[in-house]
Structure formats: C-alpha cells, structure tokens
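Below: protein.cif (mmCIF, C-alpha atoms)
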data_query
loop_
_atom_site.label_atom_id
_atom_site.label_comp_id
_atom_site.auth_asym_id
_atom_site.auth_seq_id
_atom_site.Cartn_x
_atom_site.Cartn_y
_atom_site.Cartn_z
CA MET V 1486 69.29 103.04 121.92
CA THR V 1487 68.37 103.37 118.28
CA SER V 1488 70.08 101.32 115.65
CA LYS V 1489 72.96 103.00 113.88
CA SER V 1490 72.77 103.56 110.18
CA ASP V 1491 75.09 105.31 107.80
CA ASP V 1492 72.53 105.76 105.05
CA GLY V 1493 71.48 109.20 103.83
CA ASN V 1494 69.32 111.50 105.91
CA THR V 1495 66.15 111.16 103.85
CA LYS V 1496 64.95 107.80 105.10
CA PRO V 1497 61.69 106.22 104.06
CA ARG V 1498 59.23 106.00 106.94
CA ILE V 1499 58.26 102.76 108.60
CA THR V 1500 54.68 101.95 107.64
CA PRO V 1501 52.44 99.05 108.71
CA ALA V 1502 52.85 97.63 105.21
CA SER V 1503 56.65 97.84 105.34
CA LEU V 1504 56.69 96.11 108.75
CA LEU V 1505 54.41 93.38 107.48
CA ALA V 1506 56.61 93.00 104.40
CA GLY V 1507 59.58 92.65 106.75
CA PHE V 1508 57.85 89.87 108.67
CA ALA V 1509 56.86 88.22 105.38
CA ILE V 1510 60.50 88.20 104.26
CA LEU V 1511 61.54 86.57 107.54
CA ILE V 1512 58.98 83.76 107.44
CA ALA V 1513 59.47 83.24 103.70
CA CYS V 1514 63.20 82.76 104.34
CA GLN V 1515 62.40 80.35 107.17
CA LEU V 1516 60.11 78.43 104.85
CA ALA V 1517 62.82 78.35 102.17
CA GLY V 1518 65.35 77.22 104.78
CA GLU V 1519 63.07 74.44 106.07
CA THR V 1520 62.45 73.30 102.49
CA LEU V 1521 66.15 73.30 101.68
CA VAL V 1522 66.94 71.32 104.82
CA SER V 1523 64.30 68.69 104.07
CA ILE V 1524 65.66 68.31 100.53
CA GLY V 1525 69.15 68.01 102.03
CA ARG V 1526 67.93 65.28 104.37
CA LEU V 1527 66.88 63.19 101.40
CA LEU V 1528 70.47 63.33 100.15
CA ALA V 1529 72.27 62.98 103.50
CA PRO V 1530 69.87 61.61 106.14
CA SER V 1531 72.37 61.84 109.02
CA PHE V 1532 73.22 65.49 108.53
CA VAL V 1533 71.05 67.70 110.72
CA PHE V 1534 70.62 71.42 110.32
CA PRO V 1535 67.79 73.63 111.61
CA GLY V 1536 65.59 75.26 108.95
CA PRO V 1537 65.56 78.72 110.61
CA VAL V 1538 69.39 78.84 110.64
CA ALA V 1539 69.43 77.86 106.95
CA GLY V 1540 66.88 80.65 106.42
CA MET V 1541 69.18 83.10 108.19
CA LEU V 1542 72.09 82.18 105.90
CA LEU V 1543 69.82 82.50 102.84
CA LEU V 1544 68.66 85.96 103.95
CA LEU V 1545 72.27 87.02 104.62
CA ALA V 1546 73.31 85.86 101.14
CA PHE V 1547 70.35 87.70 99.63
CA LEU V 1548 71.09 90.94 101.51
CA GLY V 1549 74.78 90.67 100.63
CA TRP V 1550 73.87 90.33 96.99
CA ARG V 1551 71.23 93.11 96.87
CA ARG V 1552 73.22 95.46 99.11
CA ARG V 1553 70.00 97.04 100.36
CA LEU V 1554 68.20 96.57 103.65
CA PRO V 1555 64.43 97.26 103.51
CA ILE V 1556 63.48 99.55 106.39
CA GLY V 1557 60.55 97.41 107.51
CA LEU V 1558 62.73 94.31 107.60
CA ASP V 1559 65.31 96.17 109.66
CA ALA V 1560 62.65 97.35 112.14
CA MET V 1561 60.97 93.95 112.41
CA ALA V 1562 64.31 92.16 112.88
CA THR V 1563 65.45 94.67 115.51
CA GLY V 1564 62.18 94.18 117.38
CA LEU V 1565 62.35 90.38 117.33
CA ILE V 1566 66.03 90.28 118.33
CA GLY V 1567 65.22 92.70 121.15
CA ILE V 1568 62.97 90.04 122.72
CA LEU V 1569 65.13 87.04 121.75
CA SER V 1570 65.53 85.97 125.41
CA LEU V 1571 61.74 85.83 125.86
CA LEU V 1572 61.47 83.41 122.96
CA PHE V 1573 63.62 80.84 124.80
CA VAL V 1574 61.43 80.84 127.91
CA PRO V 1575 58.95 78.14 126.73
CA SER V 1576 61.84 75.76 125.90
CA ALA V 1577 63.54 76.52 129.22
CA VAL V 1578 60.33 75.73 131.11
CA GLY V 1579 60.35 72.38 129.27
CA ILE V 1580 63.03 71.24 131.74
CA VAL V 1581 60.22 70.52 134.25
CA GLN V 1582 59.32 67.45 132.25
CA TYR V 1583 62.69 65.88 132.99
CA GLY V 1584 63.07 66.51 136.71
CA GLY V 1585 63.87 62.81 137.27
CA LEU V 1586 66.64 62.73 134.67
CA ILE V 1587 68.24 65.83 136.14
CA LEU V 1588 68.08 64.54 139.73
CA GLU V 1589 69.56 61.19 138.75
CA TRP V 1590 72.59 62.61 136.96
CA GLY V 1591 72.52 66.16 138.31
CA PRO V 1592 75.82 66.95 140.10
CA PRO V 1593 78.33 65.27 137.71
CA LEU V 1594 76.49 66.48 134.61
CA LEU V 1595 76.20 70.01 135.95
CA LEU V 1596 79.93 70.03 136.75
CA ALA V 1597 80.70 68.72 133.24
CA LEU V 1598 78.54 71.49 131.76
CA VAL V 1599 80.14 74.27 133.83
CA VAL V 1600 83.74 73.15 133.16
CA SER V 1601 83.08 72.46 129.48
CA THR V 1602 81.31 75.81 128.98
CA VAL V 1603 84.12 77.80 130.64
CA LEU V 1604 86.76 75.86 128.65
CA THR V 1605 84.88 76.40 125.39
CA LEU V 1606 84.57 80.14 126.04
CA LEU V 1607 88.29 80.42 126.86
CA VAL V 1608 89.57 78.31 123.94
CA THR V 1609 87.27 80.03 121.44
CA VAL V 1610 88.03 83.59 122.51
CA GLY V 1611 91.77 82.81 122.84
CA THR V 1612 91.98 81.29 119.36
CA TYR V 1613 89.93 84.13 117.90
CA LEU V 1614 92.13 86.85 119.40
CA ALA V 1615 95.38 85.08 118.46
CA LEU V 1616 94.32 84.61 114.84
CA ALA V 1617 92.90 88.14 114.62
CA ARG V 1618 96.26 89.51 115.71
CA LEU V 1619 98.00 87.24 113.20
CA SER V 1620 95.81 88.20 110.24
CA ASN V 1621 95.87 91.97 110.74
CA GLY V 1622 98.85 93.33 112.55
CA GLU V 1623 97.26 96.76 112.85
CA LYS V 1624 94.12 97.39 114.87
CA PRO V 1625 90.87 97.34 112.90
CA MET D 1151 33.96 79.54 145.81
CA ASN D 1152 32.38 77.33 143.25
CA SER D 1153 32.32 80.16 140.73
CA ILE D 1154 36.01 80.91 141.29
CA ALA D 1155 36.78 77.29 140.54
CA GLU D 1156 34.71 77.57 137.38
CA ILE D 1157 36.57 80.69 136.31
CA TRP D 1158 39.87 78.86 136.86
CA VAL D 1159 38.68 75.90 134.80
CA TYR D 1160 37.74 78.30 132.04
CA LEU D 1161 40.98 80.28 132.18
CA SER D 1162 43.28 77.29 132.46
CA ALA D 1163 41.75 75.82 129.31
CA SER D 1164 42.51 78.98 127.36
CA PRO D 1165 45.92 79.49 125.74
CA LEU D 1166 45.69 83.17 126.73
CA LEU D 1167 46.45 82.43 130.39
CA TRP D 1168 49.90 80.91 129.90
CA LEU D 1169 50.76 83.18 127.00
CA THR D 1170 50.11 86.16 129.27
CA ALA D 1171 51.96 84.49 132.15
CA THR D 1172 55.02 83.87 129.95
CA ILE D 1173 55.23 87.48 128.81
CA LEU D 1174 54.54 88.87 132.31
CA ALA D 1175 57.16 86.55 133.85
CA TYR D 1176 59.68 87.78 131.29
CA LEU D 1177 58.84 91.44 131.97
CA LEU D 1178 59.17 90.76 135.70
CA ALA D 1179 62.52 89.05 135.06
CA LEU D 1180 63.72 92.14 133.17
CA ALA D 1181 62.58 94.36 136.06
CA ILE D 1182 64.33 92.15 138.63
CA SER D 1183 67.48 92.11 136.49
CA ALA D 1184 67.42 95.92 136.19
CA LYS D 1185 66.84 96.26 139.95
CA LEU D 1186 69.95 94.16 140.55
CA GLY D 1187 71.97 96.51 138.35
CA GLY D 1188 71.82 94.29 135.26
CA THR D 1189 74.08 91.64 136.75
CA PRO D 1190 74.52 88.73 134.29
CA LEU D 1191 73.67 86.35 137.14
CA ALA D 1192 70.10 87.64 136.92
CA ASN D 1193 69.63 86.12 133.47
CA SER D 1194 66.16 86.87 132.12
CA VAL D 1195 65.59 83.37 130.64
CA LEU D 1196 66.63 81.81 133.95
CA ILE D 1197 64.42 84.03 136.16
CA ALA D 1198 61.37 83.86 133.87
CA GLY D 1199 61.79 80.09 133.51
CA VAL D 1200 61.98 79.56 137.28
CA LEU D 1201 58.94 81.81 137.87
CA ILE D 1202 56.85 79.86 135.36
CA ILE D 1203 58.03 76.47 136.66
CA VAL D 1204 56.99 77.47 140.20
CA LEU D 1205 53.60 78.66 138.90
CA LEU D 1206 53.09 75.39 137.01
CA GLN D 1207 53.92 73.36 140.11
CA VAL D 1208 51.65 75.44 142.37
CA THR D 1209 48.71 75.25 139.95
CA GLN D 1210 49.38 71.58 139.07
CA THR D 1211 49.53 72.49 135.40
CA SER D 1212 51.20 70.11 132.94
CA TYR D 1213 53.84 71.32 130.50
CA ILE D 1214 51.57 70.28 127.65
CA SER D 1215 48.77 72.64 128.69
CA TYR D 1216 51.35 75.35 129.43
CA PHE D 1217 52.77 74.97 125.94
CA GLU D 1218 49.36 75.46 124.35
CA GLY D 1219 49.69 79.10 125.37
CA ALA D 1220 53.46 79.42 125.19
CA GLN D 1221 53.68 78.01 121.67
CA PHE D 1222 52.86 81.42 120.23
CA VAL D 1223 55.99 82.86 121.81
CA HIS D 1224 57.97 79.74 120.91
CA PHE D 1225 56.90 80.01 117.27
CA LEU D 1226 58.57 83.42 116.92
CA LEU D 1227 61.95 81.79 117.59
CA GLY D 1228 62.01 80.71 113.91
CA PRO D 1229 61.56 84.16 112.34
CA ALA D 1230 63.78 85.69 115.06
CA THR D 1231 66.57 83.28 114.11
CA VAL D 1232 66.21 84.29 110.46
CA ALA D 1233 66.30 87.93 111.64
CA LEU D 1234 69.88 87.38 112.92
CA ALA D 1235 70.88 87.88 109.27
CA ILE D 1236 70.25 91.63 109.65
CA PRO D 1237 72.91 92.43 112.28
CA LEU D 1238 75.23 90.08 110.36
CA TYR D 1239 74.58 92.07 107.17
CA LYS D 1240 75.26 95.33 109.00
CA ASN D 1241 78.61 93.88 110.14
CA LEU D 1242 79.43 92.18 106.85
CA GLU D 1243 82.70 94.08 106.31
CA LYS D 1244 83.95 93.20 109.79
CA LEU D 1245 82.85 89.60 109.17
CA ARG D 1246 84.79 89.46 105.87
CA ARG D 1247 87.92 90.79 107.54
CA SER D 1248 87.63 88.17 110.30
CA LEU D 1249 87.35 84.97 108.26
CA LEU D 1250 90.60 83.48 109.58
CA PRO D 1251 89.84 84.02 113.31
CA ILE D 1252 86.26 82.83 112.70
CA ALA D 1253 87.38 79.59 111.05
CA GLY D 1254 90.11 78.85 113.61
CA ALA D 1255 88.03 79.72 116.68
CA LEU D 1256 85.12 77.69 115.32
CA ILE D 1257 87.17 74.52 114.92
CA ALA D 1258 88.99 74.92 118.26
CA GLY D 1259 85.81 75.86 120.14
CA SER D 1260 83.62 73.20 118.61
CA LEU D 1261 86.11 70.43 119.37
CA THR D 1262 86.58 71.73 122.93
CA ALA D 1263 82.82 71.95 123.55
CA MET D 1264 82.20 68.37 122.53
CA GLY D 1265 85.49 66.80 123.66
CA SER D 1266 85.59 68.31 127.15
CA ALA D 1267 81.95 67.47 127.90
CA VAL D 1268 82.42 63.87 126.76
CA ALA D 1269 85.70 63.52 128.67
CA ILE D 1270 84.31 64.87 131.96
CA ALA D 1271 81.07 62.88 131.77
CA THR D 1272 83.08 59.72 131.01
CA ALA D 1273 85.45 60.44 133.90
CA PHE D 1274 82.43 60.54 136.24
CA GLY D 1275 81.40 57.12 135.02
CA ALA D 1276 78.30 58.29 133.19
CA PRO D 1277 76.81 55.51 131.03
CA ALA D 1278 77.26 55.62 127.25
CA ASP D 1279 73.77 56.98 126.55
CA VAL D 1280 74.28 59.88 128.97
CA VAL D 1281 77.70 60.65 127.43
CA ALA D 1282 76.10 60.61 123.96
CA SER D 1283 73.44 63.03 125.20
CA ILE D 1284 75.95 65.59 126.51
CA ALA D 1285 78.18 65.55 123.40
CA PRO D 1286 76.12 68.00 121.29
CA LYS D 1287 75.17 70.29 124.21
CA SER D 1288 76.58 73.46 122.62
CA THR D 1289 74.36 73.29 119.54
CA SER D 1290 70.74 74.45 119.47
CA ALA D 1291 68.08 72.06 120.79
CA PRO D 1292 66.73 70.59 117.53
CA ILE D 1293 70.24 69.72 116.31
CA ALA D 1294 71.31 68.33 119.67
CA MET D 1295 68.27 66.06 120.00
CA GLU D 1296 68.84 64.61 116.55
CA LEU D 1297 72.59 64.18 117.07
CA ALA D 1298 72.06 62.55 120.48
CA ARG D 1299 69.68 60.10 118.83
CA ASN D 1300 72.26 59.28 116.13
CA LEU D 1301 74.88 58.68 118.81
CA GLY D 1302 72.64 56.39 120.85
CA GLY D 1303 71.80 59.03 123.46
CA ILE D 1304 68.54 60.27 124.99
CA PRO D 1305 67.08 63.19 122.96
CA SER D 1306 65.06 64.65 125.86
CA LEU D 1307 68.12 64.64 128.15
CA ALA D 1308 70.09 66.30 125.34
CA ALA D 1309 67.47 69.06 125.14
CA VAL D 1310 67.71 69.71 128.89
CA LEU D 1311 71.52 69.83 128.72
CA VAL D 1312 71.33 72.27 125.80
CA ILE D 1313 69.09 74.65 127.76
CA LEU D 1314 71.33 74.43 130.85
CA THR D 1315 74.45 75.03 128.72
CA GLY D 1316 72.78 78.06 127.14
CA ILE D 1317 71.88 79.60 130.49
CA LEU D 1318 75.32 78.78 131.99
CA GLY D 1319 77.18 80.41 129.11
CA ALA D 1320 74.90 83.46 129.17
CA VAL D 1321 75.55 83.88 132.90
CA ILE D 1322 79.31 83.19 132.79
CA VAL D 1323 80.43 85.00 129.63
CA THR D 1324 80.33 88.64 130.75
CA PRO D 1325 82.13 88.28 134.11
CA LEU D 1326 84.68 85.88 132.54
CA MET D 1327 85.51 88.17 129.60
CA ASN D 1328 85.60 91.25 131.85
CA ALA D 1329 87.97 89.49 134.25
CA LEU D 1330 90.26 88.69 131.30
CA ARG D 1331 89.94 92.33 130.14
CA ILE D 1332 88.89 91.24 126.65
CA LYS D 1333 87.39 94.24 124.87
CA ASP D 1334 86.99 92.73 121.39
CA TYR D 1335 83.21 92.29 121.26
CA ALA D 1336 83.39 90.27 118.05
CA ALA D 1337 85.62 87.71 119.83
CA ARG D 1338 83.44 87.72 122.97
CA GLY D 1339 80.27 87.25 120.95
CA PHE D 1340 81.78 84.52 118.80
CA ALA D 1341 82.87 82.59 121.89
CA VAL D 1342 79.45 82.65 123.53
CA GLY D 1343 77.80 81.67 120.24
CA VAL D 1344 80.00 78.58 119.95
CA ALA D 1345 79.61 77.65 123.63
CA SER D 1346 75.97 78.52 124.24
CA HIS D 1347 74.01 78.71 120.95
CA GLY D 1348 70.87 80.91 120.85
CA ILE D 1349 70.56 81.64 124.57
CA GLY D 1350 74.17 82.87 124.50
CA THR D 1351 73.33 84.90 121.39
CA ALA D 1352 70.35 86.51 123.13
CA ARG D 1353 72.69 87.49 125.97
CA ALA D 1354 75.30 88.83 123.51
CA PHE D 1355 72.71 91.16 121.98
CA GLN D 1356 72.01 92.58 125.45
CA VAL D 1357 75.69 93.57 125.59
CA SER D 1358 76.41 94.83 122.06
CA GLU D 1359 75.15 94.50 118.50
CA VAL D 1360 78.59 93.42 117.23
CA ALA D 1361 78.76 90.70 119.90
CA GLY D 1362 75.26 89.58 118.96
CA ALA D 1363 76.04 89.44 115.24
CA PHE D 1364 79.20 87.38 115.78
CA SER D 1365 77.41 85.15 118.25
CA GLY D 1366 74.70 84.48 115.67
CA ILE D 1367 77.16 83.37 112.99
CA ALA D 1368 79.06 81.30 115.57
CA MET D 1369 75.85 79.51 116.52
CA ALA D 1370 75.06 78.71 112.88
CA LEU D 1371 78.59 77.52 112.05
CA ASN D 1372 78.94 75.48 115.24
CA GLY D 1373 75.64 73.73 114.52
CA ALA D 1374 76.90 72.73 111.10
CA LEU D 1375 80.37 71.70 112.26
CA THR D 1376 79.10 69.68 115.24
CA SER D 1377 76.70 67.92 112.94
CA ILE D 1378 79.59 66.99 110.61
CA LEU D 1379 81.82 65.92 113.53
CA VAL D 1380 79.10 63.64 114.89
CA LEU D 1381 78.60 62.17 111.43
CA VAL D 1382 82.34 61.38 111.27
CA TRP D 1383 82.21 59.98 114.83
CA VAL D 1384 79.32 57.67 113.94
CA LEU D 1385 81.04 56.51 110.74
CA LEU D 1386 84.33 55.87 112.56
CA SER D 1387 82.66 53.90 115.33
CA GLN D 1388 80.92 51.74 112.75
CA ALA D 1389 84.14 51.08 110.87
#
Write out the structure in this file as structure tokens.
Amino acid sequence: MTSKSDDGNTKPRITPASLLAGFAILIACQLAGETLVSIGRLLAPSFVFPGPVAGMLLLLAFLGWRRRLPIGLDAMATGLIGILSLLFVPSAVGIVQYGGLILEWGPPLLLALVVSTVLTLLVTVGTYLALARLSNGEKP
Amino acid sequence: MNSIAEIWVYLSASPLLWLTATILAYLLALAISAKLGGTPLANSVLIAGVLIIVLLQVTQTSYISYFEGAQFVHFLLGPATVALAIPLYKNLEKLRRSLLPIAGALIAGSLTAMGSAVAIATAFGAPADVVASIAPKSTSAPIAMELARNLGGIPSLAAVLVILTGILGAVIVTPLMNALRIKDYAARGFAVGVASHGIGTARAFQVSEVAGAFSGIAMALNGALTSILVLVWVLLSQA
C-alpha cells in the first residue's frame, strides 16, 4: 500500500538528501521537545511529559502552520511508523529483569490489567461515538 | 570446540549480535503472524519479545548486554514518535472536526484507565506501592515510571505493567471493536491510544492510517492528562 496524497501529479522525487533532511527534521524536533520539557521541569518539577511526544506536537504545529509536507519527511516518517512495533521490542524484552515481581503479583495484577484495558477501550470508544454523533448529526 | 567457544565470546561481546537477533526475531514474528492469517493474537511485539527472552535465557545473556545491541533499535523510538505528527497532519481536518469527541473520550477514558486499575488492584489487597505502580499503566513507560515514583510506587514494576497493558490492548482491540461492529476507525484508534499508548498505536497503524493517527494523538493527550491527574492526586493526598 502506498500512502495516499491529493497533491498535484508532478511530485518532486525522493532523493537521499531529502530523506536525510526528513530524518534531520525528526531528530531536531525531538531535541526541541526534550529541551522544552526540561525547561518545563524547572517550572513544574512534578509534571512529567516525554520529550519525543512534545517534539511530535511541535512538528504538528509547524506543519499545520506551513501547510506543506516535505516529501523526504513524509517518506522517512512512513518508513519509521511502518516498523513502529519493532521499536518496542527492546523495552518489551526488559520484562525479563522483573520476573520475580511479576510472579509475586502476577494473577491479580494481570486480571486488573485485562479488565481495566477492556473497560478503558469500551468507555473511550463509547464516549467518542456518542459525542461524534452529538456534534455532527450528519455522517462525515 | 574451543574455537567455537572463542567465536561465541567474540560475538556475544559485539552489539551486532543482539541487534541482528532483534530484527530477525521481529521479521520472524511478522512471518508467523502472516502465516496465522494476521490474527491480532499473534502480536508482533509479543512474539518477537518472547523469542528474544527465550534466546537470552538459553544463552545466559543478561538484559544489559542484550541492550547494548538493541539500543540502536530502541533509539529510533524517539524520532518515530515525532514522526506520528505526519499522519496527524494528513488527518488534520478530520481532527479539527472531532475536537468534542476527542476531549470527552480523553477525559472519560483516562479516568477509567487509572480508576479501574486502582480499584481492582485495591480490591485484591495489593499493597499501596503496587497500587501506585499500576495507576499510570496506560501512559508510555517514561511517564509511568516517573508518575509511579511520585505516587510512592515502584518505577520498574510500573514499566512492566505499561508494556503488558500495551500488548494486551493491541491484542484485544481489533476483536473487541469488530464484535461491537464499530467501523469508525478514528474512534477505534483513539480508544487504543488512550488504553495502550505506543504499542496500541503501533497496532492501530497495522489496521489503518486514520486509526494510527488518532491513536497517536490519544497517546499524547492521555500522557499529559494522566500526568495532571496524578499531580492533583498527590496534592490532594498531601492536603
């Protein structure tokens, strides 16, 4: 599946330089996000927010303002998001370090996680659909 | 025999070994998942994680030496998270039109995620530090560890619960939403983003770009809101 785009037909080609520029934009935004978060921590030490997520919001604001998506950034982002699951594998393997903790509290905690996750999915999707129907009577 | 042992000593000291193993385990997980008809039960993070854990146990490798190789994959999580802005930008109009459902579902979902986990763990008689560790389980790991610490919990336990919550949500969401015949992929994605942070978002992108985009914004907003809720909780309990 290729990504959809409603731009004109004459698209600029993806070049190594445009891909690298795309990656540079991503890490620059992460750096800006991390910086912003550490400044924020000076002001409100108990408020936690991850730098990469702040970087994502910064990039979204920037793209929303410029109204233009560089082709290399699009390609690089699509590639990284395509392997997003892989990127969680090292953290998931980290569970091995806490085998004891899991065994000690395993069954009740696992049950709490399953019930809470199902409830959260149901409440969130239910609220979303109800409010979506409320805010626009006609289908989008 | 001796030379094979020497080769192993050499390889196991190199970050290349576990970097390669991580990527191969993931590719194998994708192949297994495809072989099983793409069933959400065969979650790629889950399968790859189990494969690597078994390998580490068999080869008596510590997580620390594993991570020396895996850190290069782990590092890309930062830029990949920033990259979630791109599908959000592509769906900006849909996002703008959905501000009310987004705000409402965020508040309801965030409170449910934290409240239900705390209530169930308390009902099972879990001690206060365990309850504090499960409270932020629907946020991403760095937030959850910090919040657990602020609440008097155990950061490492919080990290484990976050990963398990992510995998659970990623496995449950598709069959649950299909059973309820919910076809609004923005709503489905938003729900899994609130419940299961980045791992849920990775799953949402496997289903649809709209679901992925809405899951990404849900993850970001839920991280912020949970952080604020915990701050209020800490302040109230001090008062």
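Taking all atoms listed in the file, the non-local environment of Arg1299 of chain D within 8 Å (same-chain residues fewer than 5 positions away omitted) comprises Ser1283, Ile1304 and Pro1305 of chain D.
When all atoms listed in the file are used to measure the gap to Leu1616 of chain V, the shortest distance among D:Leu1226, D:Leu1250, D:Leu1386, D:Ala1329 belongs to D:Leu1250.
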Is it possible to get the residues within 8 Å of (76.6, 82.3, 126.6) (coordinates as in the file, counting all atoms listed in the file) written as a PyMOL selection string?
chain D and resi 1315-1323+1341-1343+1345-1347+1349-1351+1353-1354
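Residue nearest chain D within the list V:Ile1556, V:Leu1619, V:Val1578, V:Ile1499: V:Val1578 [criterion: smallest interatomic distance, all atoms listed in the file].
Take the candidates V:Gly1564, V:Gly1557, V:Gly1585, V:Pro1537 and check each one against chain D using only C-alpha atoms; the shortest distance goes to V:Pro1537.
This file, filtered with the PyMOL selection byres ((chain V and resi 1500) around 12), gives the residues Pro1497, Arg1498, Ile1499, Pro1501, Ala1502, Ser1503, Leu1504, Leu1505, Ala1506, Gly1507, Pro1555, Ile1556, Gly1557, Leu1558, Ala1560 and Met1561 of chain V.
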Produce a file of the selected residues containing C-alpha atoms, as a PDB file, in the coordinates of the input.
ATOM      1  CA  PRO V1497      61.690 106.220 104.060  1.00  0.00           C
ATOM      2  CA  ARG V1498      59.230 106.000 106.940  1.00  0.00           C
ATOM      3  CA  ILE V1499      58.260 102.760 108.600  1.00  0.00           C
ATOM      4  CA  PRO V1501      52.440  99.050 108.710  1.00  0.00           C
ATOM      5  CA  ALA V1502      52.850  97.630 105.210  1.00  0.00           C
ATOM      6  CA  SER V1503      56.650  97.840 105.340  1.00  0.00           C
ATOM      7  CA  LEU V1504      56.690  96.110 108.750  1.00  0.00           C
ATOM      8  CA  LEU V1505      54.410  93.380 107.480  1.00  0.00           C
ATOM      9  CA  ALA V1506      56.610  93.000 104.400  1.00  0.00           C
ATOM     10  CA  GLY V1507      59.580  92.650 106.750  1.00  0.00           C
ATOM     11  CA  PRO V1555      64.430  97.260 103.510  1.00  0.00           C
ATOM     12  CA  ILE V1556      63.480  99.550 106.390  1.00  0.00           C
ATOM     13  CA  GLY V1557      60.550  97.410 107.510  1.00  0.00           C
ATOM     14  CA  LEU V1558      62.730  94.310 107.600  1.00  0.00           C
ATOM     15  CA  ALA V1560      62.650  97.350 112.140  1.00  0.00           C
ATOM     16  CA  MET V1561      60.970  93.950 112.410  1.00  0.00           C
TER      17      MET V1561
END
The PyMOL selection byres ((chain D and resi 1266) around 12) resolved against shown file, as number ranges by chain:
V: 1594, 1596-1606, 1608; D: 1258-1265, 1267-1273, 1281, 1284-1288, 1345
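Selection by the PyMOL selection byres ((chain D and resi 1223) around 8) on the present file picks out Leu1571, Leu1572 and Pro1575 of chain V; Leu1169, Ala1220, Gln1221, Phe1222, His1224, Phe1225, Leu1226 and Leu1227 of chain D.
Across the structure, atom CA of Gly1254 of chain D and atom CA of Gly1362 of chain D are spaced 19.1 Å apart.
Among the candidates V:Arg1552, V:Ile1512, V:Asp1559, V:Arg1526, the one nearest to Gly1540 of chain V when counting all atoms listed in the file is V:Ile1512.
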Can you pull out the residues contacting Ser1162 of chain D? Cut-off 10 Å, using only C-alpha atoms, and skip same-chain residues under 2 positions away; I want them as a PyMOL selection string.
chain D and resi 1156-1160+1164-1168+1209+1211+1215-1216+1219
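Interatomic distance, atom CA of Asn1621 of chain V against atom CA of Ser1358 of chain D: 22.7 Å.
Atom CA of Ala1230 of chain D sits 5.4 Å away from atom CA of Leu1565 of chain V.
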Scan for residues within 12 Å of the point (63.5, 81.4, 114.0) in the coordinates of the file, using all atoms listed in the file, and reply as an NGL selection string.
(:V and (1508 or 1511-1516 or 1518-1519 or 1535-1542 or 1562 or 1565-1566 or 1569 or 1572-1573)) or (:D and (1223-1235 or 1290 or 1292 or 1348 or 1366 or 1370))
Can you list every residue of segment 1489-1585 of chain V that has an atom at most 6 Å from segment 1189-1199 of chain D, with its nearest atom pair and the distance in Å to one decimal, using all atoms listed in the file, ordered by chain then number, as a tab-separated table?
residue	atom	partner	partner_atom	distance
V:Ser1570	CA	D:Val1195	CA	5.8
V:Val1574	CA	D:Val1195	CA	5.6
V:Ala1577	CA	D:Gly1199	CA	5.8
V:Val1578	CA	D:Gly1199	CA	5.2
Contacts of Ala1175 of chain D at 7 Å (only C-alpha atoms; same-chain gap of 3+ positions) as a list in words
Ala1171, Thr1172, Leu1178, Ala1179, Ala1198, Leu1201 and Ile1202 of chain D
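For the choices D:Leu1314, D:Ala1163, D:Ile1214, D:Ala1255, the atom-to-atom distance to chain V is smallest for D:Ala1255 when using only C-alpha atoms.
Using all atoms listed in the file, the nearest neighbour of chain D within the list V:Leu1554, V:Tyr1613, V:Gly1525, V:Ala1509 is V:Tyr1613.
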Env of Ala1282 of chain D: 9 Å cut, atoms = all atoms listed in the file, seq-sep filter 5 positions within chain, self excluded. Answer as JSON, numbers by chain.
{"D": [1268, 1277, 1297, 1298, 1299, 1300, 1301, 1302, 1303, 1304, 1308]}
